[in-house]
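Q: Here you go, structure.csv (CSV, C-alpha atoms):
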chain,number,residue,atom,x,y,z
H,683,MET,CA,32.4,-27.0,15.3
H,684,THR,CA,31.6,-24.1,12.9
H,685,LYS,CA,28.1,-22.7,13.1
H,686,LYS,CA,26.1,-22.5,9.9
H,687,ILE,CA,23.8,-19.5,9.8
H,688,ILE,CA,21.1,-19.0,7.3
H,689,ILE,CA,20.0,-15.4,6.5
H,690,ALA,CA,16.6,-15.5,4.9
H,691,MET,CA,15.1,-12.3,3.5
H,692,CYS,CA,13.6,-10.6,0.5
H,693,GLY,CA,15.0,-8.0,-1.9
H,694,GLY,CA,14.0,-4.8,0.0
H,695,HIS,CA,15.9,-5.7,3.1
H,696,ILE,CA,19.4,-6.5,1.8
H,697,THR,CA,21.1,-3.5,3.6
H,698,PRO,CA,20.6,-4.6,7.2
H,699,ALA,CA,21.5,-8.2,6.2
H,700,LEU,CA,24.8,-7.0,4.8
H,701,ALA,CA,25.5,-5.1,8.1
H,702,LEU,CA,24.9,-8.2,10.1
H,703,ILE,CA,27.1,-10.3,7.8
H,704,ASP,CA,29.9,-7.7,8.3
H,705,ALA,CA,29.4,-8.0,12.1
H,706,LEU,CA,29.4,-11.8,12.1
H,707,LYS,CA,32.8,-11.9,10.3
H,708,ASP,CA,34.2,-15.4,11.0
H,709,ALA,CA,31.7,-16.4,13.6
H,710,GLY,CA,30.1,-18.9,11.3
H,711,SER,CA,29.5,-19.9,7.7
H,712,ILE,CA,26.5,-18.2,6.0
H,713,VAL,CA,24.0,-19.3,3.4
H,714,PHE,CA,21.6,-16.8,2.0
H,715,PHE,CA,18.0,-17.5,0.8
H,716,GLY,CA,16.4,-14.9,-1.5
H,717,ARG,CA,15.1,-14.0,-4.9
H,718,LYS,CA,17.5,-14.6,-7.8
H,719,TYR,CA,15.5,-12.3,-10.1
H,720,ALA,CA,14.3,-8.8,-9.3
H,721,ILE,CA,10.8,-9.2,-10.9
H,722,GLU,CA,8.8,-12.4,-11.5
H,723,GLY,CA,9.2,-13.4,-15.1
H,724,SER,CA,12.3,-11.1,-15.6
H,725,ARG,CA,15.9,-12.3,-16.1
H,726,ALA,CA,17.3,-9.3,-14.4
H,727,GLN,CA,19.3,-10.3,-11.3
H,728,SER,CA,18.0,-9.1,-7.9
H,729,ALA,CA,20.1,-6.8,-5.8
H,730,GLU,CA,20.5,-9.4,-3.1
H,731,TYR,CA,21.7,-12.1,-5.5
H,732,ARG,CA,24.3,-9.7,-7.0
H,733,LEU,CA,25.6,-8.4,-3.7
H,734,ILE,CA,25.7,-11.7,-1.9
H,735,THR,CA,27.4,-13.7,-4.7
H,736,GLU,CA,30.0,-11.0,-5.1
H,737,ARG,CA,31.0,-11.8,-1.5
H,738,GLY,CA,31.3,-15.5,-2.3
H,739,ILE,CA,28.4,-16.5,0.0
H,740,PRO,CA,26.3,-19.4,-1.2
H,741,PHE,CA,22.9,-18.2,-2.5
H,742,ILE,CA,19.8,-20.5,-2.4
H,743,PRO,CA,17.0,-19.1,-4.7
H,744,ILE,CA,13.5,-19.7,-3.2
H,745,ALA,CA,10.3,-19.9,-5.3
H,746,ALA,CA,8.2,-18.2,-2.7
H,747,GLY,CA,4.8,-16.6,-3.3
H,748,ARG,CA,4.1,-13.0,-2.4
H,749,LEU,CA,1.6,-12.5,0.4
H,750,GLN,CA,-1.2,-10.2,-0.9
H,751,ARG,CA,-3.7,-8.1,0.9
H,752,ARG,CA,-6.0,-7.9,-2.1
H,753,ILE,CA,-7.3,-10.8,-4.2
H,754,THR,CA,-6.2,-10.5,-7.8
H,755,TRP,CA,-5.5,-12.9,-10.7
H,756,ARG,CA,-2.0,-13.3,-9.2
H,757,THR,CA,-3.3,-14.5,-5.8
H,758,ILE,CA,-3.8,-18.2,-6.5
H,759,PRO,CA,-0.5,-18.7,-8.4
H,760,SER,CA,1.3,-16.8,-5.7
H,761,LEU,CA,-0.2,-18.8,-2.9
H,762,LEU,CA,0.7,-22.1,-4.7
H,763,LYS,CA,4.4,-21.1,-4.6
H,764,ILE,CA,4.4,-20.9,-0.8
H,765,PRO,CA,4.4,-24.7,-0.3
H,766,VAL,CA,7.0,-25.0,-3.1
H,767,GLY,CA,9.3,-22.6,-1.2
H,768,CYS,CA,8.6,-24.5,2.0
H,769,MET,CA,9.7,-27.8,0.4
H,770,GLN,CA,12.9,-26.2,-1.0
H,771,ALA,CA,13.8,-24.7,2.4
H,772,LEU,CA,12.8,-27.9,4.3
H,773,TRP,CA,15.1,-30.0,2.0
H,774,TYR,CA,18.1,-27.7,2.7
H,775,CYS,CA,17.4,-27.6,6.5
H,776,ILE,CA,17.1,-31.4,6.7
H,777,ARG,CA,20.3,-31.9,4.6
H,778,SER,CA,22.5,-29.3,6.3
H,779,ARG,CA,21.0,-28.7,9.8
H,780,PRO,CA,22.0,-25.1,10.2
H,781,SER,CA,22.4,-23.8,13.8
H,782,LEU,CA,20.2,-20.7,13.3
H,783,ILE,CA,18.0,-18.9,10.8
H,784,VAL,CA,18.0,-15.1,10.8
H,785,SER,CA,15.1,-13.6,8.9
H,786,PHE,CA,14.9,-10.0,7.7
H,787,GLY,CA,11.2,-10.4,6.8
H,788,GLY,CA,9.5,-10.5,3.5
H,789,TYR,CA,7.7,-13.2,1.7
H,790,VAL,CA,10.9,-15.2,0.8
H,791,ALA,CA,11.7,-15.5,4.5
H,792,LEU,CA,8.4,-17.0,5.5
H,793,PRO,CA,8.9,-20.5,4.0
H,794,VAL,CA,12.4,-20.7,5.4
H,795,ALA,CA,11.2,-19.7,8.9
H,796,ILE,CA,8.5,-22.4,8.6
H,797,ALA,CA,11.0,-25.0,7.6
H,798,GLY,CA,13.3,-24.0,10.5
H,799,TRP,CA,10.4,-24.4,12.9
H,800,ILE,CA,9.6,-27.8,11.6
H,801,CYS,CA,13.2,-28.9,11.9
H,802,ARG,CA,13.5,-27.3,15.4
H,803,ILE,CA,16.1,-24.8,14.2
H,804,PRO,CA,15.9,-21.5,16.2
H,805,VAL,CA,14.7,-18.5,14.2
H,806,ILE,CA,15.4,-14.9,14.9
H,807,THR,CA,13.6,-12.2,12.8
H,808,HIS,CA,14.3,-8.5,12.5
H,809,GLU,CA,11.6,-6.0,11.5
H,810,GLN,CA,13.0,-2.8,10.0
H,811,THR,CA,9.7,-0.7,9.7
H,812,LEU,CA,7.7,1.1,12.2
H,813,VAL,CA,4.6,-1.1,11.7
H,814,PRO,CA,5.5,-4.7,11.0
H,815,GLY,CA,4.5,-6.2,7.7
H,816,LEU,CA,2.3,-9.3,7.2
H,817,ALA,CA,5.2,-11.6,6.6
H,818,THR,CA,7.0,-10.6,9.8
H,819,ARG,CA,3.9,-11.0,11.9
H,820,LEU,CA,3.6,-14.5,10.6
H,821,ILE,CA,7.3,-15.3,11.0
H,822,ALA,CA,7.1,-14.0,14.6
H,823,GLY,CA,4.9,-17.0,15.4
H,824,PHE,CA,7.8,-19.3,14.5
H,825,ALA,CA,10.6,-17.1,16.0
H,826,ARG,CA,12.4,-17.4,19.3
H,827,ARG,CA,13.2,-13.7,19.2
H,828,VAL,CA,11.8,-10.7,17.4
H,829,CYS,CA,14.2,-7.7,17.0
H,830,VAL,CA,12.8,-4.3,16.0
H,831,THR,CA,14.2,-1.0,14.9
H,832,PHE,CA,11.7,1.3,16.7
H,833,PRO,CA,10.5,1.1,20.3
H,834,GLU,CA,7.0,1.8,19.1
H,835,THR,CA,7.0,-1.5,17.2
H,836,LEU,CA,7.2,-3.6,20.4
H,837,SER,CA,3.5,-3.4,21.0
H,838,HIS,CA,2.8,-5.4,17.9
H,839,PHE,CA,4.4,-8.6,19.4
H,840,PRO,CA,3.9,-10.7,22.5
H,841,LYS,CA,5.5,-9.1,25.6
H,842,GLY,CA,8.9,-10.5,26.3
H,843,LYS,CA,9.4,-11.9,22.8
H,844,ALA,CA,10.5,-8.6,21.1
H,845,VAL,CA,13.5,-6.5,21.8
H,846,VAL,CA,14.7,-3.2,20.4
H,847,THR,CA,18.1,-3.5,18.6
H,848,GLY,CA,17.7,-0.6,16.2
H,849,LEU,CA,18.5,-1.0,12.5
H,850,PRO,CA,21.8,-2.8,11.5
H,851,MET,CA,23.7,-0.2,9.5
H,852,ARG,CA,27.0,-0.8,7.7
H,853,GLU,CA,30.0,0.8,9.3
H,854,GLU,CA,31.2,2.3,6.0
H,855,LEU,CA,28.3,4.6,6.0
H,856,PHE,CA,29.8,6.5,8.9
H,857,HIS,CA,33.4,6.6,7.5
H,858,PRO,CA,33.2,8.3,4.1
H,859,SER,CA,36.2,8.6,1.9
H,860,LYS,CA,37.9,12.0,2.0
H,861,LYS,CA,38.2,11.9,-1.8
H,862,ALA,CA,35.2,12.5,-4.0
H,863,PRO,CA,34.2,9.5,-6.1
H,864,VAL,CA,33.8,11.8,-9.1
H,865,SER,CA,34.9,15.3,-10.0
H,866,LEU,CA,32.2,17.6,-8.6
H,867,THR,CA,31.8,21.2,-7.6
H,868,ILE,CA,30.0,21.3,-4.3
H,869,GLN,CA,31.4,24.4,-2.7
H,870,GLU,CA,29.5,27.0,-4.9
H,871,TYR,CA,26.7,24.6,-5.7
H,872,PRO,CA,25.4,22.5,-2.8
H,873,LEU,CA,24.9,18.8,-3.4
H,874,MET,CA,21.5,17.3,-3.8
H,875,TYR,CA,21.1,13.6,-3.7
H,876,ILE,CA,18.1,12.0,-5.3
H,877,THR,CA,17.5,8.3,-4.6
H,878,GLY,CA,14.6,5.9,-5.0
H,879,GLY,CA,16.1,2.9,-3.2
H,880,GLY,CA,17.1,-0.3,-5.0
H,881,THR,CA,14.6,0.1,-7.9
H,882,GLY,CA,15.2,3.8,-8.5
H,883,ALA,CA,11.6,5.1,-8.1
H,884,ARG,CA,10.6,5.4,-11.7
H,885,SER,CA,7.4,7.3,-11.0
H,886,LEU,CA,9.3,9.8,-8.8
H,887,ASN,CA,11.9,10.3,-11.5
H,888,ARG,CA,9.2,11.2,-13.9
H,889,LEU,CA,8.3,14.1,-11.7
H,890,LEU,CA,11.9,15.2,-11.2
H,891,PHE,CA,13.3,14.9,-14.8
H,892,PRO,CA,11.4,18.1,-16.0
H,893,LEU,CA,12.9,20.0,-13.0
H,894,LEU,CA,16.5,19.2,-13.4
H,895,ALA,CA,17.5,22.0,-15.7
H,896,GLU,CA,16.1,24.5,-13.2
H,897,LEU,CA,17.5,22.7,-10.1
H,898,LEU,CA,20.9,22.6,-11.7
H,899,LYS,CA,21.1,26.4,-11.5
H,900,THR,CA,21.3,26.0,-7.8
H,901,TYR,CA,22.5,22.5,-7.0
H,902,THR,CA,25.0,19.9,-8.0
H,903,ILE,CA,23.0,16.7,-8.4
H,904,MET,CA,23.8,13.0,-7.9
H,905,HIS,CA,20.9,10.9,-8.9
H,906,GLN,CA,20.4,7.1,-8.3
H,907,VAL,CA,17.8,6.4,-11.0
H,908,GLY,CA,17.5,2.6,-11.1
H,909,ASP,CA,17.7,0.5,-14.3
H,910,ALA,CA,14.3,1.6,-15.6
H,911,SER,CA,15.1,5.3,-15.7
H,912,LEU,CA,18.8,5.1,-16.7
H,913,ILE,CA,18.3,5.7,-20.4
H,914,GLU,CA,16.3,8.9,-19.8
H,915,ALA,CA,18.8,10.1,-17.3
H,916,GLN,CA,21.6,9.7,-19.7
H,917,LYS,CA,20.0,12.2,-22.1
H,918,ILE,CA,20.7,14.9,-19.6
H,919,HIS,CA,24.2,16.3,-20.3
H,920,HIS,CA,25.5,18.6,-17.5
H,921,ASP,CA,28.8,18.7,-15.7
H,922,ARG,CA,27.1,18.9,-12.4
H,923,TYR,CA,24.6,16.1,-12.9
H,924,ILE,CA,25.8,12.5,-12.2
H,925,ALA,CA,23.3,9.7,-12.7
H,926,ALA,CA,23.7,6.0,-12.2
H,927,SER,CA,21.4,3.0,-11.8
H,928,TYR,CA,23.1,2.1,-8.6
H,929,PHE,CA,25.8,3.7,-6.5
H,930,PRO,CA,28.1,1.5,-4.4
H,931,LEU,CA,28.1,2.0,-0.6
H,932,THR,CA,31.5,3.8,-0.7
H,933,THR,CA,30.0,6.4,-3.0
H,934,VAL,CA,26.7,6.7,-1.1
H,935,SER,CA,28.7,7.2,2.1
H,936,TRP,CA,30.6,10.1,0.5
H,937,ILE,CA,27.4,11.5,-1.0
H,938,LEU,CA,25.5,11.5,2.3
H,939,ALA,CA,28.4,13.1,4.1
H,940,HIS,CA,28.2,16.1,1.7
H,941,ALA,CA,24.6,16.3,0.7
H,942,ALA,CA,22.7,19.5,1.6
H,943,LEU,CA,19.3,18.0,0.7
H,944,VAL,CA,18.1,14.4,0.0
H,945,ILE,CA,15.0,13.7,-2.1
H,946,GLY,CA,13.7,10.1,-2.1
H,947,ARG,CA,11.5,7.4,-0.9
H,948,SER,CA,11.1,6.5,2.7
H,949,GLY,CA,11.9,2.9,3.3
H,950,ALA,CA,13.1,2.1,6.8
H,951,ASN,CA,16.8,1.9,5.8
H,952,THR,CA,16.7,5.3,4.0
H,953,VAL,CA,14.9,7.0,6.9
H,954,MET,CA,17.2,5.6,9.6
H,955,GLU,CA,20.3,6.4,7.7
H,956,LEU,CA,19.2,10.0,7.1
H,957,ALA,CA,18.3,10.4,10.7
H,958,ALA,CA,21.6,9.0,12.0
H,959,LEU,CA,23.6,11.2,9.6
H,960,GLY,CA,21.5,14.3,10.4
H,961,LYS,CA,20.4,14.9,6.8
H,962,VAL,CA,17.7,17.2,5.7
H,963,SER,CA,15.3,15.4,3.4
H,964,LEU,CA,12.2,15.7,1.3
H,965,LEU,CA,10.4,12.3,1.3
H,966,VAL,CA,7.9,11.0,-1.1
H,967,PRO,CA,6.6,7.7,0.3
H,968,LEU,CA,6.0,4.9,-2.1
H,969,PRO,CA,2.2,5.1,-2.6
H,970,TRP,CA,1.7,1.3,-2.8
H,971,SER,CA,4.0,0.2,0.0
H,972,ALA,CA,2.6,-2.6,2.1
H,973,GLY,CA,0.3,-1.2,4.8
H,974,GLY,CA,1.4,2.3,4.1
H,975,GLU,CA,4.7,1.5,5.9
H,976,GLN,CA,6.8,4.2,4.0
H,977,GLN,CA,4.3,6.9,4.9
H,978,LYS,CA,4.6,6.0,8.6
H,979,ASN,CA,8.4,5.9,8.3
H,980,ALA,CA,8.5,9.3,6.7
H,981,GLU,CA,6.1,10.8,9.3
H,982,TRP,CA,8.3,9.5,12.1
H,983,LEU,CA,11.2,11.5,10.7
H,984,ALA,CA,9.1,14.5,9.9
H,985,ARG,CA,7.9,14.7,13.6
H,986,ARG,CA,11.6,15.1,14.5
H,987,GLY,CA,11.7,18.2,12.2
H,988,ALA,CA,14.3,16.7,9.8
H,989,ALA,CA,12.0,15.9,6.9
H,990,VAL,CA,9.1,17.2,4.8
H,991,VAL,CA,6.7,14.5,3.6
H,992,LEU,CA,4.9,14.8,0.3
H,993,ASP,CA,2.0,12.8,-1.2
H,994,GLN,CA,2.9,11.6,-4.7
H,995,ALA,CA,-0.7,11.6,-5.8
H,996,GLU,CA,-0.9,15.3,-5.3
H,997,LEU,CA,2.4,16.2,-6.9
H,998,THR,CA,3.2,17.7,-10.3
H,999,PRO,CA,6.6,18.8,-11.4
H,1000,GLN,CA,5.6,22.4,-10.6
H,1001,THR,CA,4.3,21.7,-7.1
H,1002,LEU,CA,7.4,19.5,-6.4
H,1003,GLU,CA,9.7,22.3,-7.4
H,1004,GLN,CA,7.8,24.7,-5.2
H,1005,LYS,CA,8.3,22.4,-2.2
H,1006,ILE,CA,12.0,22.0,-2.9
H,1007,MET,CA,12.4,25.8,-3.0
H,1008,GLU,CA,10.5,26.1,0.3
H,1009,VAL,CA,12.8,23.7,2.0
H,1010,GLN,CA,15.8,25.5,0.5
H,1011,LYS,CA,14.6,28.8,1.9
H,1012,ASN,CA,14.4,27.3,5.4
H,1013,ILE,CA,17.4,25.0,5.1
H,1014,ILE,CA,19.2,26.3,8.2
H,1015,PHE,CA,16.1,25.5,10.4
H,1016,PHE,CA,15.9,22.0,9.0
H,1017,GLN,CA,19.7,21.5,9.3
H,1018,ASN,CA,19.6,22.5,13.0
H,1019,ARG,CA,16.7,20.1,13.7
H,1020,ALA,CA,18.3,17.2,11.8
H,1021,SER,CA,21.7,17.7,13.6
H,1022,ALA,CA,20.1,17.9,17.0
H,1023,PHE,CA,18.2,14.6,16.5
H,1024,ALA,CA,21.0,12.6,14.9
H,1025,PRO,CA,22.8,11.7,18.2
H,1026,GLU,CA,19.6,10.1,19.4
H,1027,VAL,CA,19.7,7.5,16.6
H,1028,PRO,CA,21.6,4.3,17.6
H,1029,ARG,CA,24.3,3.3,15.1
H,1030,ASP,CA,25.1,-0.1,16.7
H,1031,GLY,CA,22.1,-2.1,15.5
H,1032,ALA,CA,24.3,-4.8,14.0
H,1033,ARG,CA,26.2,-5.3,17.2
H,1034,LEU,CA,22.9,-5.4,19.3
H,1035,LEU,CA,21.4,-7.9,16.8
H,1036,LEU,CA,24.5,-10.1,17.1
H,1037,HIS,CA,24.2,-10.0,20.9
H,1038,GLU,CA,20.7,-11.4,20.6
H,1039,ILE,CA,22.0,-14.1,18.3
H,1040,LYS,CA,24.6,-15.1,20.9
H,1041,GLN,CA,21.8,-15.4,23.4
H,1042,VAL,CA,20.2,-18.1,21.2
H,1043,ILE,CA,23.2,-20.0,20.1
H,1044,ALA,CA,26.8,-20.1,21.3
H,1045,LEU,CA,28.9,-18.1,18.9
H,1046,PRO,CA,32.7,-17.5,19.4
What do you get writing this file as structure tokens?
A:
Amino acid sequence: MTKKIIIAMCGGHITPALALIDALKDAGSIVFFGRKYAIEGSRAQSAEYRLITERGIPFIPIAAGRLQRRITWRTIPSLLKIPVGCMQALWYCIRSRPSLIVSFGGYVALPVAIAGWICRIPVITHEQTLVPGLATRLIAGFARRVCVTFPETLSHFPKGKAVVTGLPMREELFHPSKKAPVSLTIQEYPLMYITGGGTGARSLNRLLFPLLAELLKTYTIMHQVGDASLIEAQKIHHDRYIAASYFPLTTVSWILAHAALVIGRSGANTVMELAALGKVSLLVPLPWSAGGEQQKNAEWLARRGAAVVLDQAELTPQTLEQKIMEVQKNIIFFQNRASAFAPEVPRDGARLLLHEIKQVIALP
């Protein structure tokens, strides 16, 4: 009998979910719970909806409420959505009786985990960040197994319930194409990659746009700007500046293989990929990330000598340019530290997570 596996997650955690989907292959049918729209009230499709439906995987939109640490005018409407999401998930679980729910955290995953617990469907959750978020801590109460990226995270969960699997990373990341995705000159001008994650980091882009003319005297630049900053990026005309709202994985794989310096946010996926690939980075943590998780992720990599961490609140275009130049002057030092640490970062997180799944249910 074919196993039916539900992967429940929210938008920021699509990358490890895709890595697990690749590892599962034909081990079972998959149904994906998530947000259909990127922002509440917007008609822009979320990254997970786009990427999952492109693969032909059934996508179940969940009207889940975001868990908030501060009380605002959005708090009550958001809390009211949690039981709605639970009822949606419960209806699907009763109707289809999946064999397993795999959660990658986030507020969308919480009602699905609750529904699974009610229906006695085993739940496994994976925490990407160094310090678990509120949603994952709640989901852990319903889960059979908690898988974590960092050994330091084990202390946040009951002894014996959590296990280190590392971060599931997609294989394509480590097998870049030999052919450049675009025509670029990176021999004379080293490649700089600027990325803000799925949304493009609009506030970081505002600091960087005034610097591009100067930076392009030294670098070739590929810039993942997100939808919100794309129009402004398109005003910059230079044969060594390539901007896009989103780069596909095949392009990102090639970029990271050749990048001399990466500037970006410090979500867990970004930090672990940079660490595994031995990349020198200048990280500007998202100031309003839940629980300061991006700051902690960035500091983890900085302690290994492979990154410099900057506080966005203290940055201006001028001070940011100064920091970039300081890193460039010491690039050999940073490259040596990053390369030395890279072999210590596990690349088989998807395989190890799949092993834990097999311990819970019988997969072929």
Q: To one decimal in Å, tell me the separation between CA of Thr847 (chain H) and CA of Ile937 (chain H).
A: 26.4 Å
Q: Expressed in Å to a single decimal, how great is the separation between CA of Pro793 (chain H) and CA of Cys768 (chain H)?
A: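 Separation of CA of Pro793 (chain H) and CA of Cys768 (chain H): 4.5 Å.
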Q: Quick one: of H:Lys1005, H:Arg1019, H:His857, H:His919, who's nearest to Val962 (chain H), counting all atoms listed in the file?
A: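 Under the stated criterion, the closest residue is H:Arg1019.
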Q: Could you work out how far CA of Arg732 (chain H) lies from CA of Ala915 (chain H), giving the answer in Å with one decimal?
A: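 Here the two named atoms are 23.0 Å from each other.
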Q: Given the point (17.8, 8.9, -15.3) in the coordinates of this file, which residues lie within 10 Å, counting all atoms listed in the file, and how would they look as a list in words?
A: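 Every polymer residue passing the test: Gly882, Arg884, Asn887, Arg888, Leu890, Phe891, His905, Gln906, Val907, Gly908, Asp909, Ala910, Ser911, Leu912, Ile913, Glu914, Ala915, Gln916, Lys917, Ile918, Ile924, Ala925, Ala926 and Ser927 of chain H.
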Q: Hey, what's within 12 Å of Asp1030 (chain H) if we count all atoms listed in the file and toss same-chain stuff fewer than 3 positions away? As number ranges by chain, please?
A: H: 698, 701-702, 705, 831, 846-853, 856, 958, 1026-1027, 1033-1037
Q: With C-alpha atoms retained, could you export that selection as a compact mmCIF listing (two decimals), in the coordinates of the input?
A:
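Writing the result to selection_22.txt gives the following:
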# COMPACT_ATOMS: atom_id res chain seq x y z
CA PRO H 698 20.60 -4.60 7.20
CA ALA H 701 25.50 -5.10 8.10
CA LEU H 702 24.90 -8.20 10.10
CA ALA H 705 29.40 -8.00 12.10
CA THR H 831 14.20 -1.00 14.90
CA VAL H 846 14.70 -3.20 20.40
CA THR H 847 18.10 -3.50 18.60
CA GLY H 848 17.70 -0.60 16.20
CA LEU H 849 18.50 -1.00 12.50
CA PRO H 850 21.80 -2.80 11.50
CA MET H 851 23.70 -0.20 9.50
CA ARG H 852 27.00 -0.80 7.70
CA GLU H 853 30.00 0.80 9.30
CA PHE H 856 29.80 6.50 8.90
CA ALA H 958 21.60 9.00 12.00
CA GLU H 1026 19.60 10.10 19.40
CA VAL H 1027 19.70 7.50 16.60
CA ARG H 1033 26.20 -5.30 17.20
CA LEU H 1034 22.90 -5.40 19.30
CA LEU H 1035 21.40 -7.90 16.80
CA LEU H 1036 24.50 -10.10 17.10
CA HIS H 1037 24.20 -10.00 20.90
Q: Under the rule that all atoms listed in the file are counted, which of H:Leu889, H:Val1009, H:Leu959, H:Leu1002 is the nearest residue to Val990 (chain H)?
A: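 Ranked by minimum distance to Val990 (chain H), first place goes to H:Val1009.
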Q: Just checking: using all atoms listed in the file, which residue out of H:Val991, H:Phe741, H:Glu854, H:Lys686 ends up closest to Arg1029 (chain H)?
A: H:Glu854
Q: Could you list, as JSON, numbers by chain, every residue within 8 Å of Thr818 (chain H), counting all atoms listed in the file and ignoring same-chain residues fewer than 5 positions away?
A: {"H": [787, 788, 792, 807, 809]}
Q: Between H:Leu893, H:Ile876, H:Leu997, H:Leu898, single out the one closest to Ser948 (chain H), counting only C-alpha atoms.
A: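 Ranked by minimum distance to Ser948 (chain H), first place goes to H:Ile876.
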Q: For the point (19.6, 22.7, -9.2) in the file's frame, write as a VMD selection string all residues with an atom no more than 12 Å away, counting all atoms listed in the file.
A: chain H and resid 868 870 to 876 890 to 905 920 to 923 942 to 943 1003 1006 to 1007 1010
Q: Under the rule that only C-alpha atoms are counted, which of H:Cys775, H:Val713, H:Ala822, H:Leu938 is the nearest residue to Ile687 (chain H)?
A: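 Selected residue with least distance to Ile687 (chain H): H:Val713.
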Q: Given the choices H:His940, H:Arg717, H:Lys843, H:Arg779, which gets closest to Lys961 (chain H) if the distance is worked out from all atoms listed in the file?
A: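 Closest to Lys961 (chain H), using all atoms listed in the file: H:His940.
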Q: Please provide the set of residues having any atom within 8 Å of Trp936 (chain H), restricted to all atoms listed in the file, with same-chain residues fewer than 5 positions apart removed, written as a list in words.
A: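 The neighbour list is Pro858, Ser859, Lys860, Ala862 and Pro863 of chain H.
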